Every structure is written in structure tokens, then in C-alpha cells.
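Printed here is input.txt (compact mmCIF, C-alpha atoms and all ligand atoms):
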# COMPACT_ATOMS: atom_id res chain seq x y z
CA MET A 1468 -63.86 11.01 60.09
CA ARG A 1469 -67.04 12.04 61.81
CA ILE A 1470 -66.84 15.76 62.60
CA ILE A 1471 -69.11 17.01 65.38
CA ILE A 1472 -69.25 20.76 65.99
CA GLU A 1473 -70.79 21.93 69.23
CA GLN A 1474 -71.50 25.53 70.16
CA ASN A 1475 -69.00 25.90 73.00
CA PRO A 1476 -66.32 23.98 74.95
CA GLU A 1477 -68.82 22.83 77.60
CA ALA A 1478 -71.15 21.24 75.04
CA ALA A 1479 -68.19 19.66 73.23
CA SER A 1480 -66.87 18.18 76.49
CA ILE A 1481 -70.26 16.77 77.44
CA ARG A 1482 -70.57 15.22 73.99
CA ALA A 1483 -67.13 13.60 74.30
CA ALA A 1484 -67.91 12.38 77.82
CA GLY A 1485 -71.16 10.87 76.53
CA TRP A 1486 -69.20 8.91 73.98
CA ILE A 1487 -67.02 7.42 76.69
CA SER A 1488 -69.83 6.69 79.17
CA GLN A 1489 -71.90 5.06 76.45
CA LEU A 1490 -69.04 2.66 75.76
CA ILE A 1491 -68.57 1.87 79.47
CA ARG A 1492 -72.27 1.07 79.82
CA LYS A 1493 -72.31 -1.05 76.68
CA LYS A 1494 -69.02 -2.82 77.38
CA PRO A 1495 -68.26 -2.68 81.12
CA LYS A 1496 -64.91 -4.43 80.58
CA CYS A 1497 -63.74 -1.90 78.03
CA VAL A 1498 -60.19 -0.60 77.60
CA LEU A 1499 -59.92 3.17 77.47
CA GLY A 1500 -56.99 5.24 76.26
CA LEU A 1501 -56.85 8.50 78.21
CA ALA A 1502 -55.21 11.88 77.74
CA THR A 1503 -54.10 14.68 80.04
CA GLY A 1504 -53.92 18.45 79.46
CA SER A 1505 -56.51 21.21 79.72
CA THR A 1506 -58.83 19.84 77.03
CA PRO A 1507 -60.12 16.68 78.74
CA LEU A 1508 -60.62 18.30 82.16
CA ALA A 1509 -64.32 19.04 81.64
CA VAL A 1510 -64.78 15.59 80.10
CA TYR A 1511 -63.43 14.02 83.27
CA GLY A 1512 -65.63 16.34 85.34
CA GLU A 1513 -68.71 15.12 83.49
CA LEU A 1514 -67.65 11.47 83.80
CA ILE A 1515 -67.19 11.93 87.56
CA ARG A 1516 -70.66 13.47 87.74
CA GLN A 1517 -72.13 10.52 85.87
CA HIS A 1518 -70.34 8.14 88.24
CA ARG A 1519 -71.80 9.94 91.27
CA GLU A 1520 -75.26 10.71 89.98
CA GLU A 1521 -75.95 8.14 87.29
CA ASP A 1522 -74.13 5.04 88.55
CA LEU A 1523 -71.50 5.01 85.83
CA ASP A 1524 -69.54 1.96 86.93
CA TRP A 1525 -65.78 1.85 86.31
CA SER A 1526 -65.12 -1.33 88.30
CA GLN A 1527 -64.20 -3.40 85.24
CA VAL A 1528 -62.67 -0.68 83.08
CA THR A 1529 -58.96 -0.75 82.23
CA SER A 1530 -57.16 2.43 81.21
CA PHE A 1531 -53.92 3.32 79.47
CA ASN A 1532 -52.66 6.88 79.40
CA LEU A 1533 -50.94 8.28 76.36
CA ASP A 1534 -47.85 9.77 77.92
CA GLU A 1535 -45.79 10.90 80.88
CA TYR A 1536 -42.87 13.27 81.43
CA VAL A 1537 -39.51 11.59 81.80
CA GLY A 1538 -38.02 12.08 85.25
CA LEU A 1539 -41.16 12.99 87.18
CA PRO A 1540 -42.30 10.61 89.91
CA PRO A 1541 -46.05 9.84 90.10
CA THR A 1542 -46.32 12.02 93.20
CA HIS A 1543 -45.00 15.13 91.40
CA PRO A 1544 -47.91 17.59 91.00
CA GLN A 1545 -47.04 18.12 87.32
CA SER A 1546 -46.71 14.43 86.49
CA TYR A 1547 -49.45 13.02 84.34
CA ARG A 1548 -50.07 10.22 86.83
CA TYR A 1549 -50.76 12.84 89.51
CA PHE A 1550 -53.00 14.75 87.09
CA MET A 1551 -55.04 11.63 86.37
CA ASP A 1552 -55.33 10.69 90.05
CA GLU A 1553 -56.48 14.20 90.97
CA ASN A 1554 -58.82 14.81 88.05
CA LEU A 1555 -60.35 11.39 87.50
CA PHE A 1556 -59.13 8.20 89.15
CA ARG A 1557 -59.62 9.12 92.80
CA HIS A 1558 -63.20 10.23 92.11
CA ILE A 1559 -64.38 7.03 90.42
CA ASN A 1560 -64.36 3.31 91.23
CA ILE A 1561 -61.70 2.17 88.76
CA PRO A 1562 -59.44 -0.40 90.49
CA THR A 1563 -55.87 0.94 90.86
CA GLN A 1564 -54.47 -2.22 89.30
CA ASN A 1565 -56.47 -1.48 86.12
CA VAL A 1566 -54.86 1.93 85.70
CA ASN A 1567 -51.81 2.28 83.46
CA VAL A 1568 -49.84 5.49 83.06
CA PRO A 1569 -46.34 5.27 81.54
CA ASP A 1570 -43.63 5.29 84.19
CA GLY A 1571 -41.51 8.42 83.74
CA ARG A 1572 -38.91 6.97 86.06
CA ALA A 1573 -38.39 3.60 84.41
CA LEU A 1574 -34.77 2.46 84.61
CA ASP A 1575 -34.61 0.77 81.22
CA PHE A 1576 -36.88 2.85 78.98
CA GLU A 1577 -36.53 0.74 75.85
CA ARG A 1578 -37.63 -2.34 77.70
CA TYR A 1579 -40.33 -0.47 79.56
CA CYS A 1580 -41.82 0.90 76.31
CA ARG A 1581 -41.99 -2.62 74.88
CA THR A 1582 -43.70 -3.77 78.08
CA TYR A 1583 -46.27 -0.95 77.84
CA GLU A 1584 -47.15 -2.02 74.30
CA LYS A 1585 -47.45 -5.62 75.47
CA LEU A 1586 -49.72 -4.63 78.35
CA ILE A 1587 -52.07 -2.90 75.91
CA GLN A 1588 -52.15 -6.02 73.76
CA GLN A 1589 -52.70 -8.31 76.75
CA ALA A 1590 -55.65 -6.16 77.81
CA GLY A 1591 -57.19 -6.84 74.38
CA GLY A 1592 -56.23 -3.54 72.73
CA ILE A 1593 -57.71 -0.09 73.28
CA ASP A 1594 -61.41 0.19 72.50
CA LEU A 1595 -61.58 3.98 72.58
CA GLN A 1596 -58.65 6.39 72.64
CA LEU A 1597 -59.37 9.91 73.84
CA LEU A 1598 -57.04 12.48 72.29
CA GLY A 1599 -56.30 16.17 72.58
CA ILE A 1600 -54.24 17.99 69.97
CA GLY A 1601 -51.25 20.27 70.34
CA ALA A 1602 -51.16 23.64 68.58
CA ASP A 1603 -48.46 22.09 66.36
CA GLY A 1604 -50.76 19.20 65.45
CA HIS A 1605 -49.25 16.62 67.80
CA ILE A 1606 -51.22 13.74 69.31
CA ALA A 1607 -49.85 12.33 72.55
CA PHE A 1608 -46.27 13.64 72.45
CA ASN A 1609 -45.72 12.70 68.82
CA GLU A 1610 -44.11 15.93 67.79
CA PRO A 1611 -43.85 17.06 64.14
CA GLY A 1612 -41.62 14.64 62.24
CA SER A 1613 -42.57 11.60 64.33
CA SER A 1614 -42.92 8.45 62.28
CA LEU A 1615 -46.55 7.70 61.54
CA GLY A 1616 -45.76 4.07 62.37
CA SER A 1617 -44.09 4.87 65.70
CA ARG A 1618 -44.70 2.85 68.85
CA THR A 1619 -44.35 3.76 72.53
CA ARG A 1620 -40.96 5.41 73.01
CA ILE A 1621 -39.08 8.40 74.40
CA LYS A 1622 -39.63 11.65 72.53
CA THR A 1623 -37.85 14.99 72.88
CA LEU A 1624 -40.39 17.78 73.23
CA THR A 1625 -40.34 20.75 70.88
CA ARG A 1626 -39.75 24.27 72.15
CA LYS A 1627 -43.39 25.07 71.28
CA THR A 1628 -44.75 22.22 73.42
CA ILE A 1629 -42.45 23.15 76.29
CA GLU A 1630 -43.65 26.77 76.08
CA ASP A 1631 -47.31 25.66 75.85
CA ASN A 1632 -46.97 23.38 78.86
CA ALA A 1633 -44.91 25.84 80.92
CA ARG A 1634 -48.18 27.25 82.27
CA PHE A 1635 -48.38 24.27 84.60
CA PHE A 1636 -44.83 24.78 85.94
CA GLU A 1637 -43.13 27.67 87.75
CA SER A 1638 -41.04 28.43 84.63
CA PRO A 1639 -40.32 26.91 81.17
CA SER A 1640 -36.93 25.71 82.46
CA GLU A 1641 -38.75 23.32 84.80
CA VAL A 1642 -40.65 21.56 82.02
CA PRO A 1643 -39.03 18.17 81.32
CA ARG A 1644 -37.38 18.01 77.87
CA MET A 1645 -38.48 14.47 77.19
CA ALA A 1646 -41.58 12.36 77.52
CA ILE A 1647 -42.48 8.72 77.17
CA THR A 1648 -45.36 8.51 74.71
CA MET A 1649 -47.51 6.06 72.81
CA GLY A 1650 -46.55 6.24 69.15
CA VAL A 1651 -48.79 7.26 66.27
CA GLY A 1652 -48.90 3.59 65.28
CA THR A 1653 -49.97 2.62 68.81
CA ILE A 1654 -52.81 5.15 68.65
CA LEU A 1655 -53.90 4.00 65.19
CA ASP A 1656 -54.25 0.46 66.57
CA SER A 1657 -57.10 1.62 68.86
CA ARG A 1658 -60.50 0.47 67.68
CA GLN A 1659 -61.90 3.99 67.85
CA CYS A 1660 -60.29 7.41 68.35
CA LEU A 1661 -62.07 10.41 69.85
CA LEU A 1662 -60.24 13.68 69.24
CA LEU A 1663 -61.47 16.66 71.24
CA ALA A 1664 -60.33 20.20 70.47
CA THR A 1665 -61.67 23.46 71.82
CA GLY A 1666 -60.61 27.08 71.40
CA GLY A 1667 -59.36 29.24 68.54
CA HIS A 1668 -55.72 28.41 69.31
CA LYS A 1669 -56.41 24.88 68.02
CA ALA A 1670 -58.20 25.95 64.81
CA GLU A 1671 -55.16 25.79 62.53
CA ALA A 1672 -54.03 22.39 63.80
CA VAL A 1673 -57.59 21.07 63.48
CA ALA A 1674 -57.95 22.31 59.88
CA LYS A 1675 -54.62 20.73 58.91
CA THR A 1676 -55.56 17.49 60.66
CA VAL A 1677 -58.97 17.13 59.06
CA GLU A 1678 -58.53 18.76 55.65
CA GLY A 1679 -54.80 18.86 55.04
CA PRO A 1680 -52.57 16.14 53.64
CA VAL A 1681 -51.48 13.21 55.80
CA THR A 1682 -48.04 14.20 56.97
CA SER A 1683 -45.64 13.45 59.80
CA GLN A 1684 -45.37 17.24 60.24
CA ILE A 1685 -48.92 17.19 61.69
CA THR A 1686 -49.04 13.83 63.39
CA ALA A 1687 -52.78 14.10 64.10
CA SER A 1688 -53.35 14.00 60.32
CA ALA A 1689 -52.51 10.27 60.49
CA LEU A 1690 -56.00 9.86 61.97
CA GLN A 1691 -57.28 10.24 58.39
CA LEU A 1692 -55.94 6.71 57.86
CA HIS A 1693 -57.99 5.30 60.75
CA ARG A 1694 -61.38 3.80 59.94
CA ASP A 1695 -63.24 5.04 63.01
CA VAL A 1696 -62.42 8.53 64.22
CA VAL A 1697 -64.76 11.01 65.85
CA VAL A 1698 -63.62 14.63 66.05
CA VAL A 1699 -65.55 16.75 68.56
CA LEU A 1700 -64.97 20.49 68.26
CA ASP A 1701 -66.37 23.72 69.55
CA GLU A 1702 -67.08 26.48 67.05
CA SER A 1703 -63.77 28.27 67.67
CA ALA A 1704 -61.70 25.15 67.03
CA ALA A 1705 -63.75 24.51 63.87
CA ALA A 1706 -63.35 28.10 62.60
CA LEU A 1707 -60.77 27.35 59.89
CA LEU A 1708 -62.44 24.27 58.42
CA GLN A 1709 -63.52 24.73 54.80
CA ARG A 1710 -66.39 22.25 54.74
CA VAL A 1711 -68.27 23.07 57.93
CA ASP A 1712 -71.69 23.09 56.23
CA TYR A 1713 -71.16 19.61 54.91
CA TYR A 1714 -70.01 18.29 58.32
CA ARG A 1715 -73.12 19.76 59.93
CA GLU A 1716 -75.37 18.19 57.30
CA VAL A 1717 -73.73 14.78 57.70
CA GLU A 1718 -74.09 15.05 61.46
CA GLN A 1719 -77.76 15.86 61.21
CA VAL A 1720 -78.37 12.84 59.00
CA GLN A 1721 -76.28 10.68 61.34
CA ARG A 1722 -78.35 11.80 64.32
CA GLU A 1723 -81.58 11.05 62.50
CA ILE A 1724 -80.34 7.57 61.69
CA GLU A 1725 -79.22 7.01 65.28
CA SER A 1726 -82.50 8.13 66.78
CA ALA A 1727 -84.49 6.04 64.30
CA PHE A 1728 -82.53 2.84 64.81
CA VAL A 1729 -80.92 3.55 68.20
CA SER A 1730 -77.78 2.24 66.56
CA GLU A 1731 -74.33 2.55 68.07
CA PRO A 1732 -72.35 5.62 67.06
CA SER A 1733 -69.58 5.09 64.58
CA GLY A 1734 -67.04 7.17 62.69
CA GLY A 1735 -66.63 7.21 58.97
C1 LIG B 1 -51.68 14.80 76.77
C2 LIG B 1 -51.36 14.73 75.36
C3 LIG B 1 -51.16 15.95 74.53
C4 LIG B 1 -52.28 16.97 74.70
C5 LIG B 1 -52.04 18.19 73.83
C6 LIG B 1 -53.08 19.26 74.06
O1 LIG B 1 -51.78 13.50 77.34
O2 LIG B 1 -51.22 13.66 74.87
O3 LIG B 1 -51.07 15.58 73.18
O4 LIG B 1 -53.50 16.37 74.36
O5 LIG B 1 -50.78 18.71 74.09
O6 LIG B 1 -52.97 19.74 75.36
P1 LIG B 1 -54.07 20.73 75.97
O7 LIG B 1 -55.31 19.93 76.11
O8 LIG B 1 -53.51 21.11 77.32
O9 LIG B 1 -54.20 21.85 75.02
Could you write out this structure as C-alpha cells?
Ligand code: F6R
Amino acid sequence: MRIIIEQNPEAASIRAAGWISQLIRKKPKCVLGLATGSTPLAVYGELIRQHREEDLDWSQVTSFNLDEYVGLPPTHPQSYRYFMDENLFRHINIPTQNVNVPDGRALDFERYCRTYEKLIQQAGGIDLQLLGIGADGHIAFNEPGSSLGSRTRIKTLTRKTIEDNARFFESPSEVPRMAITMGVGTILDSRQCLLLATGGHKAEAVAKTVEGPVTSQITASALQLHRDVVVVLDESAAALLQRVDYYREVEQVQREIESAFVSEPSGG
């Protein structure tokens, strides 16, 4: 894992956005995995700015979102499809037919989940998967106890996730109990994963993910098994890491190498 610690959430978001825009410029036909939630908002803001001011071209990009609430139509203001339209898609030039967000209203979910996996494969697989992390260590909606080999499926949300996400709804009772989500195995198939976490409320989950054992109780810890993961943190989210000095040193060396050889960034 490559651990990058920035001073504040803004700097962390700009760093993460830079990772994504660099890939789009290098590989215009890339396949991006995208996330919703509070964490990526500033990343999307920066990507929109780069589209407007620096000609970042999304015309050949394909995207797959991690998850969607079961039962919400795409027009529902709390649906993840609506979130993505409002916060990214309608501000950039990605063709609508290239955008994939799981359908929370599918009639036959089992079949639909298999189709979603197939669509990812047909697109050539995900080049870069952007991830947030839940306070309980979940990635996508892979709640504690999810199989580390899981594929796209329906998942029942934990009370903690429902409480955390209630801030977007009028009351916790309105938060859907289930979501359709890429599995941990689906995420691990991505060629590169970019996990962004900001704020002290993520510090424990981040420490367990990066320095704890690989366990289905913290599904993000499965990222330790992936060969190319970049973790971008602000100082608050990094506060409980034991080996911060080492990560900073490695990062400095990595930057020196990159500026000397202008090589592509990679995890480790
Ligand atoms: C969202 C997703 C979730 C969030 C996580 C953190 O698509 O997959 O795993 O990334 O719940 O959410 P925020 O960013 O709101 O703290």
C-alpha cells in the first residue's frame, strides 16, 4: 500500500482527483469505479474544475459505481444515481450510455447483479476504483462479516451505517435497509484502488485497514491483498497509524523518483 498523508481534507481531495485526472489523460478510454458519500464530493468538485478549466475530457471514459440503495428510483434525491448526476455527471462530458450505477429497482436482483459483473468485464475491467471507507471499516456496502471473495449482490446495512447515512434523510427510518453493492472480490479485481479518508472519525477504521490483520470484520483490510493500492489521508484520518514517519519517508522517496523519471504513479 502506498500511504499518502496530506495536511487537510482539501489537499487530500485534490491529490486524489489528480490521480484520477492523470489516468484519464493517459488513458482516455479508461474505466473508472466511482463512490458516493461525503468523502469524494471535493474530489468530484476538483474534477469538474479540471474539465471546465483544463480540458479534462470524459468523452471516452466509462464508469461503474460501487453501490445503490435498494428501492430508490434514480430520480430520488437520496439515490446514489441522483447523487452522481448532481455532483459529477451533469457537469462533465461523460456520455450517459457510459455511466453505470447499480439499479436499486431491478426486478430480479440475482440476475441483475450477475449482469453488472458481466458489464464490468465487457468494459475491460476497472482501471481505477475510488473508495471511501465507513467508520466500521466497510468499503462499498460490504459490511463487517462480508466474504472477502464476495461479488456484486444485495447486502443488509448495519445499524451503524444506517445511522451514519441518516444525515442525508429526514430520519433514520427512511434510510433503506438494503443496498446492491459490488463485492470485496469485485473491488479487488480492479487494476488499482484509491482509498480516500478524511476526518478523525475515520482514524480507527483507517488504522485497522492499513495496520491491522486482514479480516472480514474490517472489509477494507482486504485491500492489503491487492497489489496496487493508494491510500490518501488527511492528518486527522492518519492520526492512529503507528508508522506515520515511515510512510512519510517512503512518500518523499517516491516523489523524488517520480520527479526524476516522470514515471507513472504506482502503489506498493
Ligand atoms: C459509497 C460507499 C461507502 C462510502 C462510505 C463512507 O458509494 O461505497 O462505502 O464510501 O460509507 O461514506 P462517507 O464518505 O459519506 O463517509
Practice item. Give the answer as one residue: which of A:Pro1507, A:Gly1601, A:Pro1569, A:Pro1476 has the shortest atom-to-atom distance to Asp1631 (chain A), using only C-alpha atoms? Key: A:Gly1601
Practice item. Write out as a PyMOL selection string the residues lying within 6 Å of region 1691-1701 of chain A, counting only C-alpha atoms and excluding same-chain residues fewer than 3 positions away. Key: chain A and resi 1468-1476+1479+1659-1665+1688+1704+1734-1735
Report as JSON lines: every residue of region 1547-1603 of chain A with an atom at most 7 Å from region 1513-1525 of chain A, its closest pair of atoms, and their distance in Å to one decimal, counting all atoms listed in the file, with rows sorted by chain and ascending residue number.
{"residue": "A:Leu1555", "atom": "CA", "partner": "A:Ile1515", "partner_atom": "CA", "distance": 6.9}
{"residue": "A:His1558", "atom": "CA", "partner": "A:Ile1515", "partner_atom": "CA", "distance": 6.3}
{"residue": "A:Ile1559", "atom": "CA", "partner": "A:Ile1515", "partner_atom": "CA", "distance": 6.3}
{"residue": "A:Asn1560", "atom": "CA", "partner": "A:Trp1525", "partner_atom": "CA", "distance": 5.3}
{"residue": "A:Ile1561", "atom": "CA", "partner": "A:Trp1525", "partner_atom": "CA", "distance": 4.8}
Review point. Near Ser1638 (chain A), within 10 Å and counting all atoms listed in the file, which residues show up once chain neighbours fewer than 6 positions away are dropped, as a list in words?
Key: Ile1629, Glu1630 and Asn1632 of chain A
Check your understanding: If we count all atoms listed in the file, what is near region 1578-1591 of chain A at a cut-off of 8 Å, once residues fewer than 6 positions away on the same chain are taken out, given as an MDAnalysis selection string?
Key -> chainID A and resid 1498 1529 1531 1569 1618:1620 1647 1653
For ligand LIG 1 (chain B), list the contacting residues at 10 Å or closer, counting all atoms listed in the file, as a PDB file with C-alpha atoms, in the coordinates of the input.
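Result file is selection21.pdb:
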ATOM      1  CA  GLY A1500     -56.990   5.240  76.260  1.00  0.00           C
ATOM      2  CA  LEU A1501     -56.850   8.500  78.210  1.00  0.00           C
ATOM      3  CA  ALA A1502     -55.210  11.880  77.740  1.00  0.00           C
ATOM      4  CA  THR A1503     -54.100  14.680  80.040  1.00  0.00           C
ATOM      5  CA  GLY A1504     -53.920  18.450  79.460  1.00  0.00           C
ATOM      6  CA  SER A1505     -56.510  21.210  79.720  1.00  0.00           C
ATOM      7  CA  THR A1506     -58.830  19.840  77.030  1.00  0.00           C
ATOM      8  CA  PRO A1507     -60.120  16.680  78.740  1.00  0.00           C
ATOM      9  CA  LEU A1508     -60.620  18.300  82.160  1.00  0.00           C
ATOM     10  CA  ASN A1532     -52.660   6.880  79.400  1.00  0.00           C
ATOM     11  CA  LEU A1533     -50.940   8.280  76.360  1.00  0.00           C
ATOM     12  CA  ASP A1534     -47.850   9.770  77.920  1.00  0.00           C
ATOM     13  CA  GLU A1535     -45.790  10.900  80.880  1.00  0.00           C
ATOM     14  CA  TYR A1536     -42.870  13.270  81.430  1.00  0.00           C
ATOM     15  CA  TYR A1547     -49.450  13.020  84.340  1.00  0.00           C
ATOM     16  CA  PHE A1550     -53.000  14.750  87.090  1.00  0.00           C
ATOM     17  CA  MET A1551     -55.040  11.630  86.370  1.00  0.00           C
ATOM     18  CA  LEU A1597     -59.370   9.910  73.840  1.00  0.00           C
ATOM     19  CA  LEU A1598     -57.040  12.480  72.290  1.00  0.00           C
ATOM     20  CA  GLY A1599     -56.300  16.170  72.580  1.00  0.00           C
ATOM     21  CA  ILE A1600     -54.240  17.990  69.970  1.00  0.00           C
ATOM     22  CA  GLY A1601     -51.250  20.270  70.340  1.00  0.00           C
ATOM     23  CA  ALA A1602     -51.160  23.640  68.580  1.00  0.00           C
ATOM     24  CA  ASP A1603     -48.460  22.090  66.360  1.00  0.00           C
ATOM     25  CA  GLY A1604     -50.760  19.200  65.450  1.00  0.00           C
ATOM     26  CA  HIS A1605     -49.250  16.620  67.800  1.00  0.00           C
ATOM     27  CA  ILE A1606     -51.220  13.740  69.310  1.00  0.00           C
ATOM     28  CA  ALA A1607     -49.850  12.330  72.550  1.00  0.00           C
ATOM     29  CA  PHE A1608     -46.270  13.640  72.450  1.00  0.00           C
ATOM     30  CA  ASN A1609     -45.720  12.700  68.820  1.00  0.00           C
ATOM     31  CA  GLU A1610     -44.110  15.930  67.790  1.00  0.00           C
ATOM     32  CA  THR A1628     -44.750  22.220  73.420  1.00  0.00           C
ATOM     33  CA  ILE A1629     -42.450  23.150  76.290  1.00  0.00           C
ATOM     34  CA  ASP A1631     -47.310  25.660  75.850  1.00  0.00           C
ATOM     35  CA  ASN A1632     -46.970  23.380  78.860  1.00  0.00           C
ATOM     36  CA  ARG A1634     -48.180  27.250  82.270  1.00  0.00           C
ATOM     37  CA  PHE A1635     -48.380  24.270  84.600  1.00  0.00           C
ATOM     38  CA  THR A1648     -45.360   8.510  74.710  1.00  0.00           C
ATOM     39  CA  MET A1649     -47.510   6.060  72.810  1.00  0.00           C
ATOM     40  CA  LEU A1662     -60.240  13.680  69.240  1.00  0.00           C
ATOM     41  CA  LEU A1663     -61.470  16.660  71.240  1.00  0.00           C
ATOM     42  CA  ALA A1664     -60.330  20.200  70.470  1.00  0.00           C
ATOM     43  CA  THR A1665     -61.670  23.460  71.820  1.00  0.00           C
ATOM     44  CA  GLY A1666     -60.610  27.080  71.400  1.00  0.00           C
ATOM     45  CA  HIS A1668     -55.720  28.410  69.310  1.00  0.00           C
ATOM     46  CA  LYS A1669     -56.410  24.880  68.020  1.00  0.00           C
ATOM     47  CA  ALA A1687     -52.780  14.100  64.100  1.00  0.00           C
TER      48      ALA A1687
END
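We find CA of Glu1723 (chain A) and CA of Ala1670 (chain A) to be spaced 27.8 Å apart.
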Exercise for review: Using all atoms listed in the file, find the one residue out of A:Pro1611, A:Val1528, A:Glu1637, A:Ile1487 that sits nearest to Gln1564 (chain A).
Suggested key: A:Val1528
Exercise for review: Excluding Asp1570 (chain A) and any residue of its chain fewer than 2 positions from it, enumerate the residues within 8 Å of it, using all atoms listed in the file, and give them as a ChimeraX atom specification.
Suggested key: /A:1535,1537,1540-1541,1568,1572-1573,1647
Exercise for review: For CA of Val1717 (chain A) and CA of Gly1667 (chain A), quote the distance in Å rounded to one decimal.
Suggested key: 23.1 Å
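Here CA of Ala1478 (chain A) is placed at a distance of 12.7 Å from CA of Gly1512 (chain A).
Among the candidates A:Ala1646, A:Ala1483, A:Leu1624, A:Thr1563, the one nearest to Leu1539 (chain A) when counting only C-alpha atoms is A:Ala1646.
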